[in-house]
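**Q** For reference, the file work12.pdb (PDB, C-alpha atoms) is included below:
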MODEL        1
ATOM      1  CA  MET P   1      -5.340  -8.113  39.917
ATOM      2  CA  LYS P   2      -1.629  -7.418  40.042
ATOM      3  CA  LEU P   3      -1.112 -11.152  40.630
ATOM      4  CA  PHE P   4      -2.018 -11.719  36.971
ATOM      5  CA  GLY P   5       0.363  -9.074  35.587
ATOM      6  CA  LEU P   6       0.986  -5.346  35.593
ATOM      7  CA  ASN P   7      -0.404  -4.966  32.077
ATOM      8  CA  LEU P   8      -3.516  -7.061  31.694
ATOM      9  CA  SER P   9      -4.381  -7.672  28.075
ATOM     10  CA  GLY P  10      -5.595 -10.271  25.658
ATOM     11  CA  ARG P  11      -8.827 -12.209  25.399
ATOM     12  CA  PRO P  12      -7.243 -15.664  25.922
ATOM     13  CA  LEU P  13      -5.535 -14.492  29.118
ATOM     14  CA  GLY P  14      -8.795 -12.893  30.240
ATOM     15  CA  ILE P  15     -10.637 -16.189  29.794
ATOM     16  CA  GLN P  16      -8.044 -17.934  31.993
ATOM     17  CA  VAL P  17      -8.187 -15.230  34.664
ATOM     18  CA  PHE P  18     -11.994 -15.302  34.750
ATOM     19  CA  LYS P  19     -11.921 -19.055  35.342
ATOM     20  CA  ILE P  20      -9.419 -18.700  38.167
ATOM     21  CA  ILE P  21     -11.286 -15.877  39.919
ATOM     22  CA  SER P  22     -14.753 -17.382  39.551
ATOM     23  CA  LYS P  23     -13.503 -20.787  40.712
ATOM     24  CA  ASP P  24     -11.652 -19.532  43.767
ATOM     25  CA  HIS P  25     -13.974 -16.742  44.915
ATOM     26  CA  ASP P  26     -17.703 -16.291  45.339
ATOM     27  CA  PRO P  27     -19.579 -13.070  44.600
ATOM     28  CA  ILE P  28     -19.492 -10.280  45.865
ATOM     29  CA  TYR P  29     -16.470  -9.421  43.747
ATOM     30  CA  GLU P  30     -14.186  -6.449  44.306
ATOM     31  CA  LEU P  31     -11.333  -5.958  41.876
ATOM     32  CA  ASP P  32      -8.260  -4.217  43.269
ATOM     33  CA  PHE P  33      -6.062  -2.604  40.587
ATOM     34  CA  GLU P  34      -3.355  -1.413  42.976
ATOM     35  CA  GLY P  35      -0.063  -1.550  41.042
ATOM     36  CA  VAL P  36      -1.691  -2.485  37.723
ATOM     37  CA  ILE P  37      -0.416  -0.262  34.906
ATOM     38  CA  SER P  38      -2.866  -1.011  32.110
ATOM     39  CA  ILE P  39      -5.810  -3.124  31.072
ATOM     40  CA  GLY P  40      -7.077  -3.931  27.584
ATOM     41  CA  SER P  41     -10.734  -3.907  26.608
ATOM     42  CA  SER P  42     -10.699  -7.514  25.383
ATOM     43  CA  PHE P  43      -9.265  -8.635  28.731
ATOM     44  CA  ALA P  44     -11.853  -6.507  30.550
ATOM     45  CA  ASP P  45     -14.646  -8.009  28.397
ATOM     46  CA  GLU P  46     -13.671 -11.465  29.573
ATOM     47  CA  VAL P  47     -12.969 -10.702  33.234
ATOM     48  CA  VAL P  48     -14.644  -7.535  34.494
ATOM     49  CA  ALA P  49     -17.833  -7.755  32.403
ATOM     50  CA  LYS P  50     -18.362 -11.456  33.124
ATOM     51  CA  LEU P  51     -17.697 -11.091  36.852
ATOM     52  CA  ALA P  52     -20.097  -8.126  36.942
ATOM     53  CA  LYS P  53     -22.789 -10.273  35.346
ATOM     54  CA  LYS P  54     -22.280 -12.957  38.001
ATOM     55  CA  ASN P  55     -22.375 -10.169  40.558
ATOM     56  CA  GLY P  56     -25.840  -8.868  39.702
ATOM     57  CA  GLY P  57     -24.768  -6.423  37.010
ATOM     58  CA  GLU P  58     -22.282  -4.346  38.961
ATOM     59  CA  ILE P  59     -18.739  -4.635  40.247
ATOM     60  CA  LYS P  60     -16.651  -2.678  42.716
ATOM     61  CA  ILE P  61     -13.358  -1.264  41.439
ATOM     62  CA  LEU P  62     -10.537  -0.274  43.789
ATOM     63  CA  ASN P  63      -7.321   1.685  43.199
ATOM     64  CA  SER P  64      -7.671   2.044  39.444
ATOM     65  CA  SER P  65      -5.732   4.678  37.495
ATOM     66  CA  ARG P  66      -7.269   7.260  35.155
ATOM     67  CA  ILE P  67      -6.454   5.212  32.037
ATOM     68  CA  ILE P  68      -7.726   1.955  33.543
ATOM     69  CA  ASP P  69     -10.942   3.776  34.464
ATOM     70  CA  LYS P  70     -11.258   5.019  30.908
ATOM     71  CA  CYS P  71     -11.019   1.477  29.540
ATOM     72  CA  LEU P  72     -13.413   0.067  32.141
ATOM     73  CA  LYS P  73     -15.989   2.780  31.426
ATOM     74  CA  GLU P  74     -15.936   1.953  27.692
ATOM     75  CA  VAL P  75     -16.390  -1.738  28.510
ATOM     76  CA  SER P  76     -19.181  -1.104  31.022
ATOM     77  CA  ARG P  77     -21.093   1.005  28.466
ATOM     78  CA  ASP P  78     -20.533  -1.634  25.834
ATOM     79  CA  MET P  79     -21.400  -4.679  27.962
ATOM     80  CA  ASN P  80     -24.097  -2.965  29.997
ATOM     81  CA  PHE P  81     -22.956  -3.235  33.616
ATOM     82  CA  GLU P  82     -22.262  -0.761  36.430
ATOM     83  CA  LEU P  83     -18.909   0.162  37.909
ATOM     84  CA  VAL P  84     -18.924   1.002  41.608
ATOM     85  CA  TYR P  85     -16.072   3.003  43.141
TER      86      TYR P  85
ATOM     87  CA  MET I   1      10.213 -16.733   4.764
ATOM     88  CA  ASN I   2      12.835 -14.624   6.522
ATOM     89  CA  PHE I   3      10.385 -12.466   8.378
ATOM     90  CA  PHE I   4      12.914 -11.330  10.930
ATOM     91  CA  GLY I   5      15.320 -10.086   8.274
ATOM     92  CA  GLU I   6      12.531  -8.548   6.257
ATOM     93  CA  LEU I   7      11.073  -6.794   9.254
ATOM     94  CA  LYS I   8      14.473  -5.491  10.248
ATOM     95  CA  ARG I   9      15.112  -4.226   6.737
ATOM     96  CA  TYR I  10      11.857  -2.277   6.775
ATOM     97  CA  PHE I  11      12.491  -0.952  10.242
ATOM     98  CA  ASN I  12      15.836   0.365   9.073
ATOM     99  CA  SER I  13      14.551   1.994   5.934
ATOM    100  CA  GLN I  14      11.138   3.269   6.922
ATOM    101  CA  ILE I  15      10.386   3.135  10.583
ATOM    102  CA  PHE I  16      13.523   3.856  12.592
ATOM    103  CA  LEU I  17      14.634   6.791  10.563
ATOM    104  CA  ASP I  18      11.314   8.307   9.731
ATOM    105  CA  GLN I  19      12.711  11.805  10.008
ATOM    106  CA  GLU I  20       9.878  13.331   8.043
ATOM    107  CA  ALA I  21       7.510  12.101  10.718
ATOM    108  CA  LEU I  22       9.759  13.260  13.490
ATOM    109  CA  THR I  23      10.567  16.723  12.154
ATOM    110  CA  ALA I  24       6.965  17.829  12.561
ATOM    111  CA  ILE I  25       7.248  17.323  16.300
ATOM    112  CA  PRO I  26       8.880  20.218  18.116
ATOM    113  CA  ASP I  27      12.101  19.635  20.018
ATOM    114  CA  ILE I  28      12.575  16.005  19.131
ATOM    115  CA  THR I  29      16.104  14.662  19.004
ATOM    116  CA  TYR I  30      16.405  12.298  16.069
ATOM    117  CA  LYS I  31      18.960  10.171  17.792
ATOM    118  CA  SER I  32      17.605   6.840  18.808
ATOM    119  CA  ILE I  33      18.789   6.222  22.321
ATOM    120  CA  ILE I  34      17.573   2.725  23.044
ATOM    121  CA  LYS I  35      16.716  -0.139  20.740
ATOM    122  CA  LEU I  36      15.345  -3.223  22.376
ATOM    123  CA  PRO I  37      15.568  -6.636  20.743
ATOM    124  CA  ILE I  38      12.712  -7.863  18.575
ATOM    125  CA  ARG I  39      10.526 -10.108  20.714
ATOM    126  CA  ARG I  40       8.246 -12.854  19.529
ATOM    127  CA  LEU I  41       4.573 -12.771  20.511
ATOM    128  CA  GLY I  42       1.780 -15.206  19.882
ATOM    129  CA  ILE I  43       1.523 -17.530  22.832
ATOM    130  CA  VAL I  44      -1.263 -16.625  25.255
ATOM    131  CA  GLY I  45      -0.128 -13.908  27.593
ATOM    132  CA  THR I  46       3.382 -13.503  26.111
ATOM    133  CA  GLN I  47       2.839  -9.791  25.733
ATOM    134  CA  VAL I  48       2.098  -9.351  29.436
ATOM    135  CA  LYS I  49       5.656 -10.147  30.545
ATOM    136  CA  ILE I  50       7.205  -8.132  27.697
ATOM    137  CA  VAL I  51       5.054  -5.090  28.411
ATOM    138  CA  ASP I  52       5.518  -5.443  32.184
ATOM    139  CA  ASP I  53       9.306  -5.290  31.736
ATOM    140  CA  LEU I  54       9.028  -2.342  29.357
ATOM    141  CA  THR I  55       6.625  -0.207  31.374
ATOM    142  CA  VAL I  56       8.450  -0.774  34.662
ATOM    143  CA  GLY I  57      11.677   0.341  32.932
ATOM    144  CA  LEU I  58      10.019   3.386  31.358
ATOM    145  CA  ASN I  59       8.513   4.380  34.681
ATOM    146  CA  ARG I  60      11.962   4.265  36.305
ATOM    147  CA  GLN I  61      13.278   6.519  33.543
ATOM    148  CA  GLY I  62      10.671   9.150  34.318
ATOM    149  CA  TYR I  63       7.970   8.330  31.781
ATOM    150  CA  SER I  64       4.576   9.229  33.198
ATOM    151  CA  GLN I  65       2.209   6.618  34.547
ATOM    152  CA  ASP I  66      -0.314   7.692  31.894
ATOM    153  CA  ILE I  67       1.954   7.080  28.909
ATOM    154  CA  CYS I  68       2.968   3.699  30.336
ATOM    155  CA  SER I  69      -0.719   2.808  30.680
ATOM    156  CA  TYR I  70      -1.483   3.875  27.111
ATOM    157  CA  ILE I  71       1.482   1.909  25.761
ATOM    158  CA  GLY I  72       0.510  -1.200  27.722
ATOM    159  CA  TRP I  73      -3.091  -0.981  26.552
ATOM    160  CA  ALA I  74      -2.170  -0.446  22.889
ATOM    161  CA  ILE I  75       0.378  -3.251  22.757
ATOM    162  CA  GLY I  76      -2.049  -5.582  24.486
ATOM    163  CA  GLU I  77      -4.776  -4.952  21.915
ATOM    164  CA  LEU I  78      -2.425  -5.279  18.943
ATOM    165  CA  ALA I  79      -0.758  -8.421  20.254
ATOM    166  CA  ASP I  80      -4.171  -9.948  20.853
ATOM    167  CA  ASN I  81      -5.263  -9.043  17.311
ATOM    168  CA  ALA I  82      -2.096 -10.469  15.804
ATOM    169  CA  ALA I  83      -2.510 -13.732  17.669
ATOM    170  CA  THR I  84      -6.248 -13.989  16.934
ATOM    171  CA  HIS I  85      -6.410 -12.921  13.306
ATOM    172  CA  SER I  86      -3.077 -13.920  11.833
ATOM    173  CA  LYS I  87      -4.071 -17.588  11.887
ATOM    174  CA  SER I  88      -1.206 -18.813  14.055
ATOM    175  CA  HIS I  89       1.594 -17.159  12.091
ATOM    176  CA  PRO I  90       4.312 -15.609  14.218
ATOM    177  CA  SER I  91       4.150 -11.995  15.304
ATOM    178  CA  PHE I  92       6.840  -9.752  16.706
ATOM    179  CA  VAL I  93       7.154  -6.546  18.662
ATOM    180  CA  TYR I  94       9.989  -4.024  18.654
ATOM    181  CA  PHE I  95      10.618  -0.881  20.702
ATOM    182  CA  GLU I  96      12.810   2.124  20.171
ATOM    183  CA  GLN I  97      13.216   5.259  22.249
ATOM    184  CA  PHE I  98      14.016   8.652  20.760
ATOM    185  CA  GLY I  99      15.150  11.862  22.332
ATOM    186  CA  GLU I 100      17.211  12.864  25.305
ATOM    187  CA  ASP I 101      15.253  15.736  26.815
ATOM    188  CA  ARG I 102      11.741  14.549  26.098
ATOM    189  CA  HIS I 103      10.217  11.112  26.137
ATOM    190  CA  PHE I 104       9.376   9.503  22.820
ATOM    191  CA  LEU I 105       8.830   5.811  22.314
ATOM    192  CA  GLN I 106       8.002   4.001  19.122
ATOM    193  CA  PHE I 107       6.848   0.434  18.970
ATOM    194  CA  THR I 108       6.042  -1.764  16.036
ATOM    195  CA  ILE I 109       4.096  -5.001  15.934
ATOM    196  CA  GLY I 110       4.310  -7.158  12.836
ATOM    197  CA  ASP I 111       2.749 -10.478  11.903
ATOM    198  CA  THR I 112       2.881 -12.749   8.894
ATOM    199  CA  GLY I 113      -0.787 -13.653   8.841
ATOM    200  CA  ILE I 114      -3.482 -13.208   6.224
ATOM    201  CA  GLY I 115      -3.681  -9.433   6.651
ATOM    202  CA  ILE I 116      -6.441  -7.227   7.998
ATOM    203  CA  PRO I 117      -8.497  -6.851   4.766
ATOM    204  CA  GLU I 118      -8.600 -10.606   4.194
ATOM    205  CA  SER I 119      -9.434 -11.254   7.832
ATOM    206  CA  LEU I 120     -12.253  -8.680   7.787
ATOM    207  CA  ARG I 121     -13.782 -10.166   4.651
ATOM    208  CA  THR I 122     -14.299 -13.502   6.407
ATOM    209  CA  ASN I 123     -17.345 -11.748   7.898
ATOM    210  CA  PRO I 124     -19.988 -11.869   5.099
ATOM    211  CA  ASN I 125     -21.082  -8.308   5.960
ATOM    212  CA  TYR I 126     -17.711  -6.976   4.737
ATOM    213  CA  LYS I 127     -17.103  -9.436   1.910
ATOM    214  CA  SER I 128     -17.391  -6.770  -0.795
ATOM    215  CA  LEU I 129     -15.053  -4.166   0.752
ATOM    216  CA  THR I 130     -11.961  -3.285  -1.253
ATOM    217  CA  ASP I 131      -8.574  -3.672   0.459
ATOM    218  CA  PRO I 132      -8.168   0.051   1.321
ATOM    219  CA  HIS I 133     -11.766   0.349   2.556
ATOM    220  CA  ALA I 134     -11.428  -2.837   4.613
ATOM    221  CA  LEU I 135      -8.154  -1.719   6.180
ATOM    222  CA  LEU I 136      -9.538   1.683   7.162
ATOM    223  CA  SER I 137     -12.906   0.310   8.276
ATOM    224  CA  SER I 138     -11.195  -2.112  10.654
ATOM    225  CA  PHE I 139     -10.432   0.905  12.887
ATOM    226  CA  LYS I 140     -14.142   1.638  13.328
ATOM    227  CA  PRO I 141     -15.858   0.143  16.371
ATOM    228  CA  TYR I 142     -17.606  -3.226  16.089
ATOM    229  CA  ILE I 143     -16.218  -4.010  12.633
ATOM    230  CA  SER I 144     -14.543  -7.381  12.801
ATOM    231  CA  GLY I 145     -13.925 -10.538  10.841
ATOM    232  CA  ARG I 146     -15.687 -12.395  13.642
ATOM    233  CA  PRO I 147     -19.480 -12.836  13.572
ATOM    234  CA  ASP I 148     -21.351  -9.698  14.682
ATOM    235  CA  ARG I 149     -23.025 -11.531  17.597
ATOM    236  CA  GLU I 150     -19.613 -11.836  19.307
ATOM    237  CA  ASN I 151     -19.483  -8.036  19.794
ATOM    238  CA  ARG I 152     -15.839  -7.822  18.685
ATOM    239  CA  GLY I 153     -13.965  -5.198  16.709
ATOM    240  CA  LYS I 154     -12.979  -2.778  19.460
ATOM    241  CA  GLY I 155      -9.238  -3.367  19.676
ATOM    242  CA  LEU I 156      -8.094  -1.303  16.686
ATOM    243  CA  THR I 157     -10.626   1.403  17.567
ATOM    244  CA  ASP I 158      -9.118   1.625  21.039
ATOM    245  CA  VAL I 159      -5.604   1.792  19.576
ATOM    246  CA  LEU I 160      -6.644   4.659  17.283
ATOM    247  CA  THR I 161      -8.383   6.426  20.180
ATOM    248  CA  ILE I 162      -5.198   6.084  22.248
ATOM    249  CA  ALA I 163      -3.138   7.528  19.375
ATOM    250  CA  MET I 164      -5.564  10.468  19.157
ATOM    251  CA  GLU I 165      -5.408  11.096  22.902
ATOM    252  CA  CYS I 166      -1.617  10.941  22.970
ATOM    253  CA  GLY I 167      -1.008  13.104  19.893
ATOM    254  CA  SER I 168       0.751  10.112  18.338
ATOM    255  CA  ARG I 169       1.687   9.043  14.860
ATOM    256  CA  LEU I 170       0.302   5.700  13.749
ATOM    257  CA  LYS I 171       1.212   3.774  10.615
ATOM    258  CA  VAL I 172      -0.460   0.621   9.415
ATOM    259  CA  GLY I 173       0.504  -1.570   6.495
ATOM    260  CA  SER I 174      -1.300  -4.723   5.483
ATOM    261  CA  ASN I 175      -1.079  -6.819   2.328
ATOM    262  CA  GLY I 176       0.454  -4.088   0.185
ATOM    263  CA  ILE I 177      -1.607  -1.119   1.435
ATOM    264  CA  GLY I 178      -0.456   1.482   3.922
ATOM    265  CA  PHE I 179      -1.923   4.447   5.795
ATOM    266  CA  SER I 180      -0.507   6.955   8.235
ATOM    267  CA  PHE I 181      -2.510   8.893  10.811
ATOM    268  CA  SER I 182      -0.921  11.716  12.729
ATOM    269  CA  PHE I 183      -2.381  13.682  15.596
ATOM    270  CA  ASP I 184       0.584  15.673  16.880
ATOM    271  CA  SER I 185       0.506  19.462  17.132
ATOM    272  CA  GLY I 186      -3.279  19.307  17.393
ATOM    273  CA  VAL I 187      -3.654  18.666  13.660
ATOM    274  CA  ASP I 188      -5.110  15.480  12.178
ATOM    275  CA  ASN I 189      -3.362  14.222   9.065
ATOM    276  CA  PHE I 190      -4.214  11.170   7.037
ATOM    277  CA  ASP I 191      -2.202   9.792   4.127
ATOM    278  CA  GLN I 192      -2.021   6.709   2.023
ATOM    279  CA  ILE I 193       1.601   5.555   2.121
ATOM    280  CA  SER I 194       3.835   2.811   0.862
ATOM    281  CA  PRO I 195       3.250  -0.226   3.010
ATOM    282  CA  LEU I 196       5.719  -0.779   5.810
ATOM    283  CA  TYR I 197       5.988  -4.393   4.820
ATOM    284  CA  ARG I 198       5.176  -5.903   1.447
ATOM    285  CA  GLN I 199       4.588  -9.544   2.163
ATOM    286  CA  SER I 200       1.390 -11.025   3.517
ATOM    287  CA  GLY I 201       0.743  -9.792   7.029
ATOM    288  CA  THR I 202       0.289  -6.621   9.016
ATOM    289  CA  VAL I 203       2.686  -4.111  10.536
ATOM    290  CA  ILE I 204       1.497  -1.362  12.870
ATOM    291  CA  SER I 205       3.850   1.266  14.255
ATOM    292  CA  ILE I 206       3.034   3.987  16.791
ATOM    293  CA  LEU I 207       5.209   6.849  17.953
ATOM    294  CA  PHE I 208       4.196   7.907  21.460
ATOM    295  CA  ILE I 209       5.020  11.307  22.907
ATOM    296  CA  ASP I 210       4.840  11.737  26.658
ATOM    297  CA  GLY I 211       3.119  14.978  27.624
ATOM    298  CA  ASN I 212      -0.410  16.289  27.768
ATOM    299  CA  PHE I 213      -3.244  14.059  26.758
ATOM    300  CA  ALA I 214      -6.591  14.849  25.177
ATOM    301  CA  THR I 215      -9.817  13.022  25.999
ATOM    302  CA  MET I 216     -11.329  10.998  23.185
ATOM    303  CA  GLU I 217     -13.986   8.313  22.846
ATOM    304  CA  ARG I 218     -14.485   5.455  20.435
ATOM    305  CA  GLU I 219     -17.078   7.620  18.692
ATOM    306  CA  ASP I 220     -14.352  10.205  17.920
ATOM    307  CA  ALA I 221     -12.266   7.483  16.280
ATOM    308  CA  LYS I 222     -15.278   6.401  14.229
ATOM    309  CA  GLU I 223     -15.909   9.966  13.002
ATOM    310  CA  TYR I 224     -12.231  10.360  12.095
ATOM    311  CA  ILE I 225     -12.194   7.124  10.070
ATOM    312  CA  ASP I 226     -15.427   8.105   8.316
ATOM    313  CA  LYS I 227     -13.649  11.276   7.159
ATOM    314  CA  CYS I 228     -10.654   9.224   6.002
ATOM    315  CA  LEU I 229     -12.963   6.912   4.038
ATOM    316  CA  GLU I 230     -14.558   9.919   2.352
ATOM    317  CA  ALA I 231     -11.092  11.175   1.401
ATOM    318  CA  LEU I 232     -10.035   7.897  -0.228
TER     319      LEU I 232
ENDMDL
END
Would you write the structure of this file as structure tokens?
**A**
Amino acid sequence: MKLFGLNLSGRPLGIQVFKIISKDHDPIYELDFEGVISIGSSFADEVVAKLAKKNGGEIKILNSSRIIDKCLKEVSRDMNFELVY
Amino acid sequence: MNFFGELKRYFNSQIFLDQEALTAIPDITYKSIIKLPIRRLGIVGTQVKIVDDLTVGLNRQGYSQDICSYIGWAIGELADNAATHSKSHPSFVYFEQFGEDRHFLQFTIGDTGIGIPESLRTNPNYKSLTDPHALLSSFKPYISGRPDRENRGKGLTDVLTIAMECGSRLKVGSNGIGFSFSFDSGVDNFDQISPLYRQSGTVISILFIDGNFATMEREDAKEYIDKCLEAL
């Protein structure tokens, strides 16, 4: 995920990133947050939630910080998918 | 409209030197040690590069990873809101560091759009809200100018939750109405204030304090805003 920025935010950027990931990679998705400093919930709505839906309702998260986890947990509750660590 | 000049004028008079806000925080040095240039936001993803540069720099200066994450998250949400709801008017972000012994950082995001109350009332469910009620309600989860089916309205709630977790001070001004929320020293304070900026648009300013962080949820932010609405 670091390839897209250290601070991942914004719905429009999320829409672009989702298109890139889903075009270039097939499920099963694993998202590696090594080196990523922050993520916003609107970005996570567009990327993490949508990839999880394509992935059977769950997605594996690697190397996420405490604050990134906090955001992802809010989004997973809200958008009804499972985070796997 | 000379937004840049106007924004700078208000920074100088009300945001930079908000000593009343700063005096309530123990051990703060009033001296501003770094002022970064005002940066323009608004194009998709602009904030990512700006925030990347900022957080990498803060990290090198000894700011914790957590505070950098909170700052990145909050700026991201606010920049997204400004770009989405200000109807293509320009928005700007500004940073200032305070203190020499402890880590304080204040950032302000301003836009020249239609303002939060007007934006919220484009959703028929909130058409009858007064300006103060609309501005406060916009911090509650799932309250948005966008249609309810889009499941929006979480950005400002997340920003308020972050401010609560960080013991921050948050000020918002929009279309002639202003509020301040403060969570430092473990005490919640809410006040109606003079707006930070008087022309059409929105200005939000947050003072971050690096240190210990509480754990809050969106539901906590909702309960807090409900209390503020009762106090109006």
**Q** Given the file above and the ChimeraX specification (/P :<9) & /I, which residues are selected, and can you give them as a PDB file with C-alpha atoms, keeping the file's coordinate frame?
**A**
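Output contents, as saved in expr.pdb:
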ATOM      1  CA  VAL I  44      -1.263 -16.625  25.255  1.00  0.00           C
ATOM      2  CA  GLY I  45      -0.128 -13.908  27.593  1.00  0.00           C
ATOM      3  CA  GLN I  47       2.839  -9.791  25.733  1.00  0.00           C
ATOM      4  CA  VAL I  48       2.098  -9.351  29.436  1.00  0.00           C
ATOM      5  CA  LYS I  49       5.656 -10.147  30.545  1.00  0.00           C
ATOM      6  CA  VAL I  51       5.054  -5.090  28.411  1.00  0.00           C
ATOM      7  CA  ASP I  52       5.518  -5.443  32.184  1.00  0.00           C
ATOM      8  CA  THR I  55       6.625  -0.207  31.374  1.00  0.00           C
ATOM      9  CA  VAL I  56       8.450  -0.774  34.662  1.00  0.00           C
ATOM     10  CA  GLN I  65       2.209   6.618  34.547  1.00  0.00           C
ATOM     11  CA  ASP I  66      -0.314   7.692  31.894  1.00  0.00           C
ATOM     12  CA  CYS I  68       2.968   3.699  30.336  1.00  0.00           C
ATOM     13  CA  SER I  69      -0.719   2.808  30.680  1.00  0.00           C
ATOM     14  CA  TYR I  70      -1.483   3.875  27.111  1.00  0.00           C
ATOM     15  CA  ILE I  71       1.482   1.909  25.761  1.00  0.00           C
ATOM     16  CA  GLY I  72       0.510  -1.200  27.722  1.00  0.00           C
ATOM     17  CA  TRP I  73      -3.091  -0.981  26.552  1.00  0.00           C
ATOM     18  CA  ALA I  74      -2.170  -0.446  22.889  1.00  0.00           C
ATOM     19  CA  ILE I  75       0.378  -3.251  22.757  1.00  0.00           C
ATOM     20  CA  GLY I  76      -2.049  -5.582  24.486  1.00  0.00           C
ATOM     21  CA  GLU I  77      -4.776  -4.952  21.915  1.00  0.00           C
ATOM     22  CA  LEU I  78      -2.425  -5.279  18.943  1.00  0.00           C
ATOM     23  CA  ALA I  79      -0.758  -8.421  20.254  1.00  0.00           C
ATOM     24  CA  ASP I  80      -4.171  -9.948  20.853  1.00  0.00           C
ATOM     25  CA  ASN I  81      -5.263  -9.043  17.311  1.00  0.00           C
ATOM     26  CA  ASN I 151     -19.483  -8.036  19.794  1.00  0.00           C
ATOM     27  CA  ARG I 152     -15.839  -7.822  18.685  1.00  0.00           C
ATOM     28  CA  LYS I 154     -12.979  -2.778  19.460  1.00  0.00           C
ATOM     29  CA  GLY I 155      -9.238  -3.367  19.676  1.00  0.00           C
ATOM     30  CA  ASP I 158      -9.118   1.625  21.039  1.00  0.00           C
ATOM     31  CA  GLU I 217     -13.986   8.313  22.846  1.00  0.00           C
ATOM     32  CA  ARG I 218     -14.485   5.455  20.435  1.00  0.00           C
TER      33      ARG I 218
END
**Q** If we count only C-alpha atoms, what is near segment 18-35 of chain P at a cut-off of 8 Å, once residues fewer than 5 positions away on the same chain are taken out, given as an MDAnalysis selection string?
**A** chainID P and resid 1:2 6 46:47 50:52 54:55 59:65
**Q** Please write as a PyMOL selection string the full residue list that the PyMOL selection byres ((chain I and resi 118) around 12) yields on this file.
**A** chain I and resi 85-87+113-117+119-124+126-135+138+144-146+174-176+200-202
**Q** Using atom CA of Arg149 of chain I and atom CA of Lys222 of chain I as the two end points, give the distance in Å to one decimal.
**A** 19.8 Å
**Q** Could you tell me how far atom CA of Ile109 of chain I lies from atom CA of Leu232 of chain I, in Å and to one decimal?
**A**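 For atom CA of Ile109 of chain I relative to atom CA of Leu232 of chain I, the distance reads 25.0 Å.
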**Q** For the structure provided, state which residues fall under the PyMOL selection byres ((chain I and resi 179) around 9), and present them as a compact mmCIF listing (two decimals) with C-alpha atoms, in the coordinates of the input.
**A**
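Writing done, so here's expr.txt:
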# COMPACT_ATOMS: atom_id res chain seq x y z
CA PRO I 132 -8.17 0.05 1.32
CA LEU I 135 -8.15 -1.72 6.18
CA LEU I 136 -9.54 1.68 7.16
CA LEU I 170 0.30 5.70 13.75
CA LYS I 171 1.21 3.77 10.62
CA VAL I 172 -0.46 0.62 9.41
CA GLY I 173 0.50 -1.57 6.50
CA ILE I 177 -1.61 -1.12 1.44
CA GLY I 178 -0.46 1.48 3.92
CA SER I 180 -0.51 6.96 8.24
CA PHE I 181 -2.51 8.89 10.81
CA PHE I 190 -4.21 11.17 7.04
CA ASP I 191 -2.20 9.79 4.13
CA GLN I 192 -2.02 6.71 2.02
CA ILE I 193 1.60 5.56 2.12
CA SER I 194 3.84 2.81 0.86
CA PRO I 195 3.25 -0.23 3.01
**Q** Mind pulling up the distance from atom CA of Lys140 of chain I to atom CA of Gly110 of chain I?
**A**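 We find that atom CA of Gly110 of chain I and atom CA of Lys140 of chain I lie 20.4 Å from each other.
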